[in-house]
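Note: the block below is structure03.txt and it holds compact mmCIF, C-alpha atoms.
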```txt
# COMPACT_ATOMS: atom_id res chain seq x y z
CA MET A 1 4.84 24.27 22.03
CA GLU A 2 4.61 28.03 21.53
CA GLY A 3 4.68 28.53 25.29
CA LEU A 4 7.85 26.50 25.53
CA PHE A 5 9.71 28.81 23.15
CA LEU A 6 8.33 31.91 24.88
CA ALA A 7 9.48 30.47 28.21
CA LEU A 8 12.97 29.89 26.78
CA GLU A 9 13.07 33.45 25.42
CA HIS A 10 11.97 34.81 28.81
CA SER A 11 14.38 32.59 30.73
CA GLY A 12 17.56 33.84 32.38
CA LEU A 13 19.57 32.49 29.45
CA GLY A 14 17.45 34.33 26.89
CA ALA A 15 17.67 37.58 28.84
CA ALA A 16 21.43 37.20 29.35
CA MET A 17 21.94 36.61 25.61
CA ARG A 18 20.06 39.84 24.81
CA GLU A 19 21.50 42.00 27.56
CA SER A 20 25.10 40.89 28.00
CA SER A 21 27.67 42.89 26.05
CA PHE A 22 29.70 39.80 25.13
CA LEU A 23 27.53 36.64 25.21
CA TYR A 24 25.80 37.09 21.85
CA PRO A 25 29.01 37.90 19.92
CA LEU A 26 30.77 35.05 21.79
CA ALA A 27 28.08 32.53 20.77
CA ASN A 28 28.29 33.85 17.20
CA VAL A 29 32.07 33.30 17.11
CA LEU A 30 31.76 29.82 18.65
CA HIS A 31 29.10 28.92 16.07
CA ILE A 32 31.47 29.89 13.22
CA LEU A 33 34.49 28.09 14.71
CA GLY A 34 32.33 25.02 15.40
CA LEU A 35 31.14 25.12 11.79
CA ALA A 36 34.72 25.22 10.53
CA GLY A 37 35.71 22.19 12.64
CA PHE A 38 32.54 20.28 11.77
CA ALA A 39 32.73 20.97 8.03
CA GLY A 40 36.41 20.00 7.97
CA ALA A 41 35.88 16.68 9.74
CA ILE A 42 32.81 15.88 7.63
CA ALA A 43 34.60 16.74 4.39
CA ILE A 44 37.51 14.38 5.23
CA MET A 45 35.15 11.47 5.97
CA ASP A 46 33.00 12.16 2.91
CA ALA A 47 36.06 12.50 0.67
CA ARG A 48 37.14 9.04 1.84
CA LEU A 49 33.68 7.62 1.15
CA LEU A 50 33.84 9.10 -2.36
CA GLY A 51 37.20 7.42 -3.03
CA ALA A 52 39.81 10.05 -2.15
CA LEU A 53 42.46 9.55 0.60
CA ALA A 54 42.38 5.84 -0.28
CA GLN A 55 45.78 5.18 1.32
CA MET A 56 44.05 5.36 4.74
CA SER A 57 41.77 2.55 5.91
CA LEU A 58 38.16 3.63 6.09
CA GLY A 59 37.43 2.33 9.60
CA PRO A 60 40.24 4.12 11.49
CA LEU A 61 39.78 7.29 9.42
CA VAL A 62 36.07 7.51 10.24
CA ALA A 63 36.72 6.59 13.88
CA ARG A 64 39.24 9.46 14.25
CA TRP A 65 37.33 12.18 12.40
CA ARG A 66 33.93 11.16 13.78
CA LYS A 67 35.27 12.21 17.20
CA VAL A 68 36.24 15.65 15.89
CA ALA A 69 32.86 15.97 14.19
CA MET A 70 31.02 15.04 17.41
CA ILE A 71 32.94 17.57 19.50
CA ALA A 72 32.29 20.27 16.89
CA PHE A 73 28.61 19.23 16.71
CA ALA A 74 28.35 19.63 20.50
CA VAL A 75 29.81 23.15 20.17
CA GLN A 76 27.20 23.88 17.49
CA VAL A 77 24.32 22.60 19.63
CA VAL A 78 25.38 24.68 22.65
CA SER A 79 26.22 27.90 20.75
CA GLY A 80 23.17 27.48 18.52
CA PHE A 81 20.90 27.03 21.54
CA MET A 82 22.38 30.22 23.05
CA LEU A 83 21.67 32.23 19.87
CA PHE A 84 18.21 30.64 19.54
CA SER A 85 17.24 31.48 23.14
CA ALA A 86 17.60 35.24 22.54
CA GLU A 87 14.66 35.25 20.10
CA ALA A 88 13.24 31.73 20.35
CA SER A 89 9.57 32.56 19.71
CA ALA A 90 10.38 34.53 16.53
CA ILE A 91 13.07 32.23 15.15
CA VAL A 92 10.93 29.11 15.52
CA GLU A 93 8.48 30.74 13.06
CA ASN A 94 11.27 31.48 10.56
CA PRO A 95 10.85 29.31 7.43
CA VAL A 96 14.62 29.02 6.85
CA PHE A 97 15.19 27.96 10.47
CA ARG A 98 12.57 25.23 10.01
CA LEU A 99 14.30 24.14 6.80
CA LYS A 100 17.61 24.04 8.69
CA VAL A 101 16.16 21.78 11.41
CA LEU A 102 14.80 19.46 8.69
CA LEU A 103 18.22 19.38 6.97
CA ILE A 104 19.96 18.58 10.28
CA ALA A 105 17.51 15.68 10.73
CA ILE A 106 18.38 14.44 7.22
CA GLY A 107 22.11 14.74 7.98
CA LEU A 108 21.75 12.80 11.24
CA ALA A 109 19.50 10.16 9.62
CA ASN A 110 22.21 9.70 6.96
CA VAL A 111 24.76 9.09 9.76
CA ALA A 112 22.44 6.49 11.30
CA VAL A 113 21.92 4.69 7.97
CA PHE A 114 25.69 4.69 7.39
CA GLU A 115 26.45 3.32 10.87
CA LEU A 116 23.70 0.68 10.97
CA VAL A 117 23.62 -0.46 7.34
CA THR A 118 26.22 0.88 4.91
CA LYS A 119 29.31 0.46 7.09
CA GLN A 120 28.61 -3.22 7.75
CA GLY A 121 29.27 -4.04 4.11
CA LEU A 122 32.44 -1.95 3.80
CA GLY A 123 34.85 -3.35 6.36
CA ASP A 124 38.17 -1.52 6.70
CA SER A 125 38.67 -1.62 2.96
CA VAL A 126 41.72 0.17 1.57
CA ASP A 127 40.34 -0.33 -1.92
CA GLY A 128 40.42 2.96 -3.85
CA SER A 129 36.92 2.51 -5.21
CA PRO A 130 34.27 2.27 -2.45
CA ALA A 131 30.90 0.67 -2.97
CA LEU A 132 28.07 2.72 -4.45
CA ALA A 133 26.31 2.78 -1.06
CA ALA A 134 29.36 4.51 0.45
CA LYS A 135 29.38 7.12 -2.32
CA VAL A 136 25.68 7.78 -1.79
CA SER A 137 26.34 8.21 1.96
CA GLY A 138 29.17 10.66 1.34
CA THR A 139 27.23 12.66 -1.24
CA VAL A 140 24.09 12.94 0.90
CA SER A 141 26.27 13.97 3.85
CA LEU A 142 28.11 16.70 1.91
CA LEU A 143 24.91 18.12 0.41
CA ALA A 144 22.94 17.97 3.67
CA TRP A 145 25.61 19.59 5.89
CA PHE A 146 26.58 22.28 3.38
CA ALA A 147 22.87 23.08 3.02
CA VAL A 148 22.56 23.24 6.84
CA ALA A 149 25.36 25.82 6.90
CA ALA A 150 23.80 27.84 4.07
CA ALA A 151 20.36 27.78 5.73
CA GLY A 152 21.89 28.83 9.04
CA ARG A 153 23.49 31.88 7.47
CA LEU A 154 20.19 32.75 5.73
CA ILE A 155 18.00 32.76 8.85
CA ALA A 156 18.85 36.43 9.37
CA TYR A 157 17.58 37.36 5.90
CA PHE A 158 14.02 36.04 6.20
CA MET B 1 42.01 11.51 -9.27
CA ALA B 2 38.75 11.41 -11.23
CA VAL B 3 36.91 10.80 -7.97
CA MET B 4 38.76 13.70 -6.34
CA THR B 5 37.62 15.92 -9.20
CA ARG B 6 34.06 14.73 -8.77
CA PHE B 7 34.28 15.41 -5.04
CA ALA B 8 35.58 18.93 -5.70
CA LEU B 9 32.79 19.55 -8.22
CA ALA B 10 30.16 18.30 -5.77
CA ALA B 11 31.54 20.62 -3.07
CA VAL B 12 31.57 23.61 -5.44
CA ALA B 13 28.02 22.82 -6.59
CA ALA B 14 26.81 22.63 -2.98
CA ALA B 15 28.52 25.94 -2.19
CA LEU B 16 26.94 27.61 -5.24
CA ILE B 17 23.48 26.31 -4.39
CA GLY B 18 23.91 27.79 -0.93
CA ALA B 19 25.35 31.08 -2.22
CA ALA B 20 22.73 31.86 -4.88
CA PRO B 21 20.07 33.28 -2.53
CA VAL B 22 22.75 35.29 -0.70
CA LEU B 23 23.79 36.97 -3.94
CA ALA B 24 20.15 37.76 -4.66
CA HIS B 25 19.75 39.49 -1.32
CA HIS B 26 22.69 41.90 -1.19
CA GLY B 27 23.04 41.65 2.54
CA TRP B 28 19.92 43.34 3.83
CA GLY B 29 17.57 40.57 2.79
CA SER B 30 13.94 41.26 3.29
CA TYR B 31 14.10 45.08 3.14
CA ASP B 32 13.05 47.09 0.11
CA ALA B 33 16.15 49.20 -0.62
CA SER B 34 14.57 50.62 -3.79
CA ARG B 35 12.10 52.71 -1.77
CA PRO B 36 13.87 54.39 1.15
CA LEU B 37 11.77 56.23 3.70
CA THR B 38 12.36 58.53 6.65
CA ILE B 39 10.39 58.23 9.87
CA THR B 40 10.67 61.09 12.34
CA GLY B 41 9.19 61.40 15.80
CA PRO B 42 9.64 60.90 19.51
CA ILE B 43 10.80 57.41 20.51
CA LYS B 44 7.95 55.61 22.31
CA HIS B 45 9.92 52.57 23.39
CA THR B 46 13.53 51.34 23.18
CA THR B 47 14.90 47.81 23.52
CA TYR B 48 18.69 48.10 23.64
CA GLN B 49 19.47 44.40 23.18
CA TYR B 50 21.15 41.77 21.03
CA PRO B 51 20.91 40.84 18.26
CA HIS B 52 19.58 44.30 17.29
CA VAL B 53 18.48 47.48 19.03
CA HIS B 54 14.84 48.36 18.29
CA VAL B 55 12.88 51.59 18.76
CA MET B 56 9.16 52.24 18.28
CA ILE B 57 8.00 55.49 16.64
CA ASP B 58 4.47 56.54 15.60
CA HIS B 59 4.19 57.37 11.88
CA ASP B 60 1.07 57.98 9.75
CA GLY B 61 -1.26 56.41 12.28
CA ASN B 62 0.85 53.28 12.83
CA THR B 63 3.53 52.38 15.34
CA TRP B 64 6.68 51.46 13.40
CA GLU B 65 9.30 49.12 14.76
CA ILE B 66 12.69 50.41 13.64
CA THR B 67 15.58 47.96 13.62
CA LEU B 68 18.95 49.56 14.37
CA ALA B 69 22.45 48.05 14.69
CA PRO B 70 23.57 45.49 17.31
CA PRO B 71 24.46 47.11 20.69
CA SER B 72 28.21 46.64 20.12
CA ARG B 73 28.09 48.55 16.82
CA MET B 74 25.76 51.19 18.29
CA GLU B 75 28.35 51.86 20.97
CA ALA B 76 31.22 51.89 18.48
CA ARG B 77 29.33 54.62 16.57
CA ARG B 78 28.63 56.50 19.83
CA ALA B 79 24.88 55.86 19.45
CA VAL B 80 24.69 54.80 23.10
CA LEU B 81 21.46 54.15 24.99
CA ALA B 82 21.23 57.82 26.06
CA VAL B 83 21.07 58.81 22.36
CA VAL B 84 18.16 56.47 21.52
CA LYS B 85 16.30 56.53 24.82
CA GLU B 86 12.54 56.92 25.10
CA GLY B 87 11.34 60.50 24.51
CA ASN B 88 14.23 61.55 22.26
CA VAL B 89 13.19 62.76 18.80
CA MET B 90 14.79 60.61 16.11
CA ALA B 91 14.81 60.72 12.31
CA ALA B 92 15.43 57.25 10.92
CA TYR B 93 16.32 56.84 7.22
CA GLY B 94 16.02 53.28 5.94
CA TYR B 95 13.98 50.62 4.21
CA ALA B 96 10.64 49.00 4.98
CA SER B 97 10.45 45.25 5.55
CA THR B 98 8.92 43.30 2.67
CA SER B 99 7.62 40.63 5.04
CA ARG B 100 6.55 42.42 8.24
CA PRO B 101 4.24 45.44 8.08
CA HIS B 102 5.39 48.62 9.85
CA GLU B 103 8.95 47.42 10.41
CA MET B 104 11.97 49.14 8.91
CA ARG B 105 15.73 48.73 8.96
CA ALA B 106 17.57 52.02 9.54
CA GLU B 107 20.53 52.89 7.34
CA ARG B 108 21.25 55.92 9.53
CA ILE B 109 19.60 57.83 12.34
CA THR B 110 19.74 61.49 13.34
CA VAL B 111 19.21 62.59 16.93
CA ASP B 112 19.71 66.12 18.23
CA GLY B 113 21.46 67.21 14.99
CA LYS B 114 23.95 64.33 14.99
CA THR B 115 23.83 61.53 12.43
CA TYR B 116 24.88 57.96 13.24
CA GLU B 117 25.52 55.34 10.54
CA MET B 118 23.97 51.95 11.34
CA ARG B 119 25.61 49.86 8.60
```

Take the structure from the file and write it as structure tokens.
Amino acid sequence: MEGLFLALEHSGLGAAMRESSFLYPLANVLHILGLAGFAGAIAIMDARLLGALAQMSLGPLVARWRKVAMIAFAVQVVSGFMLFSAEASAIVENPVFRLKVLLIAIGLANVAVFELVTKQGLGDSVDGSPALAAKVSGTVSLLAWFAVAAAGRLIAYF
Amino acid sequence: MAVMTRFALAAVAAALIGAAPVLAHHGWGSYDASRPLTITGPIKHTTYQYPHVHVMIDHDGNTWEITLAPPSRMEARRAVLAVVKEGNVMAAYGYASTSRPHEMRAERITVDGKTYEMR
């Protein structure tokens, strides 16, 4: 595993990220803009799951904002990989980076549970008071993704 | 509306949980700002790269890795590669890392009588 991260760091991408005058700042900016888009889309879906925005049906709302979240997530994966490649072998040892990866896994697992289990029982309900399972989904999502963002910012401090 | 309030409270709580360690760190995280030190000597090695420029200088029998600013900020402060190149004598004022031995973060550097702020 260690060799894999060293190889990434020593790859053309890793070298370009360290040596180019604009790539590292560009990836940094993309990672912030991607975060803004992702957090916004997530917050809208989670607010709906917690009972706000009840005038919109759950199904169409999630379908629309899930797309925005997925595009933003793709931006995060690409820009994050760029930043990671510059110092892969050091960052992979960083305790906060490891925590962030764990939190991303929790966030994605929560999406899977919502899609495969929770959503089946919800339908396109316009009821203002969603089921407890929906509220749990929304709460876990908010906490997990906000914690991912906080951990990401803190990698540089450890 | 009650649910909206609860949502807002949950969001604020999450933000505070995330912000607490940041407040504790005052920006330069794992560096001991209470005990500044100055390392002076010829630069043995320079890596002028993102995310931070690093130079190596021998000090008290150890080789110290000194973390400077990102290349873009170095250039904005006129601390270009020629200023921090190998062989130049540098005085670096800054703070030792609390987690990595013999690494320091420079607050400012002085080369050839000129001082460059790194923050």

Taking the point (17.8, 60.2, 10.8) as given in the file, collect each protein or nucleic acid residue that comes within 10 Å of it, counting all atoms listed in the file, and present the set as a VMD selection string.
-> chain B and resid 38 to 40 89 to 94 106 to 117

How close does each residue of chain A get to chain B, giving the shortest atom pair and distance in Å to one decimal for every residue with an atom at most 7 Å away, counting only C-alpha atoms, sorted by chain and residue number, as JSON lines?
```
{"residue": "A:Met17", "atom": "CA", "partner": "B:Tyr50", "partner_atom": "CA", "distance": 6.9}
{"residue": "A:Arg18", "atom": "CA", "partner": "B:Tyr50", "partner_atom": "CA", "distance": 4.4}
{"residue": "A:Glu19", "atom": "CA", "partner": "B:Gln49", "partner_atom": "CA", "distance": 5.4}
{"residue": "A:Tyr24", "atom": "CA", "partner": "B:Tyr50", "partner_atom": "CA", "distance": 6.6}
{"residue": "A:Ala47", "atom": "CA", "partner": "B:Phe7", "partner_atom": "CA", "distance": 6.7}
{"residue": "A:Leu50", "atom": "CA", "partner": "B:Val3", "partner_atom": "CA", "distance": 6.6}
{"residue": "A:Gly51", "atom": "CA", "partner": "B:Val3", "partner_atom": "CA", "distance": 6.0}
{"residue": "A:Ala52", "atom": "CA", "partner": "B:Met4", "partner_atom": "CA", "distance": 5.7}
{"residue": "A:Leu143", "atom": "CA", "partner": "B:Ala14", "partner_atom": "CA", "distance": 6.0}
{"residue": "A:Phe146", "atom": "CA", "partner": "B:Ala14", "partner_atom": "CA", "distance": 6.4}
{"residue": "A:Ala147", "atom": "CA", "partner": "B:Gly18", "partner_atom": "CA", "distance": 6.2}
{"residue": "A:Ala150", "atom": "CA", "partner": "B:Gly18", "partner_atom": "CA", "distance": 5.0}
{"residue": "A:Tyr157", "atom": "CA", "partner": "B:Gly29", "partner_atom": "CA", "distance": 4.5}
{"residue": "A:Phe158", "atom": "CA", "partner": "B:Ser30", "partner_atom": "CA", "distance": 6.0}
```

As a check of understanding: the span from atom CA of Val148 of chain A to atom CA of Leu49 of chain A is 20.0 Å

Any idea what the distance is between atom CA of Trp145 of chain A and atom CA of Ala90 of chain A?
->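 Atom CA of Ala90 of chain A lies 23.8 Å from atom CA of Trp145 of chain A.
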
Excluding segment 102-105 of chain B and residues on its chain fewer than 4 positions from it, collect all residues at most 7 Å away from it, counting only C-alpha atoms, and give them as a list in words.
->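 My list of contacting residues is Thr63, Trp64, Glu65, Ile66, Thr67, Leu68, Gly94, Tyr95, Ala96 and Ser97 of chain B.
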
Please measure the separation of atom CA of Phe84 of chain A and atom CA of Glu9 of chain A, giving the value in Å to one decimal.
->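 Answer for the atom CA of Phe84 of chain A to atom CA of Glu9 of chain A separation: 8.3 Å.
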
Mind working out the centre and edge lengths of an axis-aligned box for segment 56-72 of chain B, all listed atoms inside, 8 Å added to each side, rounded to one decimal in Å and written as lines of an AutoDock Vina configuration file?
```
center_x = 13.5
center_y = 51.7
center_z = 15.2
size_x = 45.5
size_y = 28.5
size_z = 26.9
```

Would you mind telling me which residue in A:Leu30, A:Leu6, A:Met1, A:Leu53 lies nearest to Leu83 of chain A when using all atoms listed in the file?
-> A:Leu30
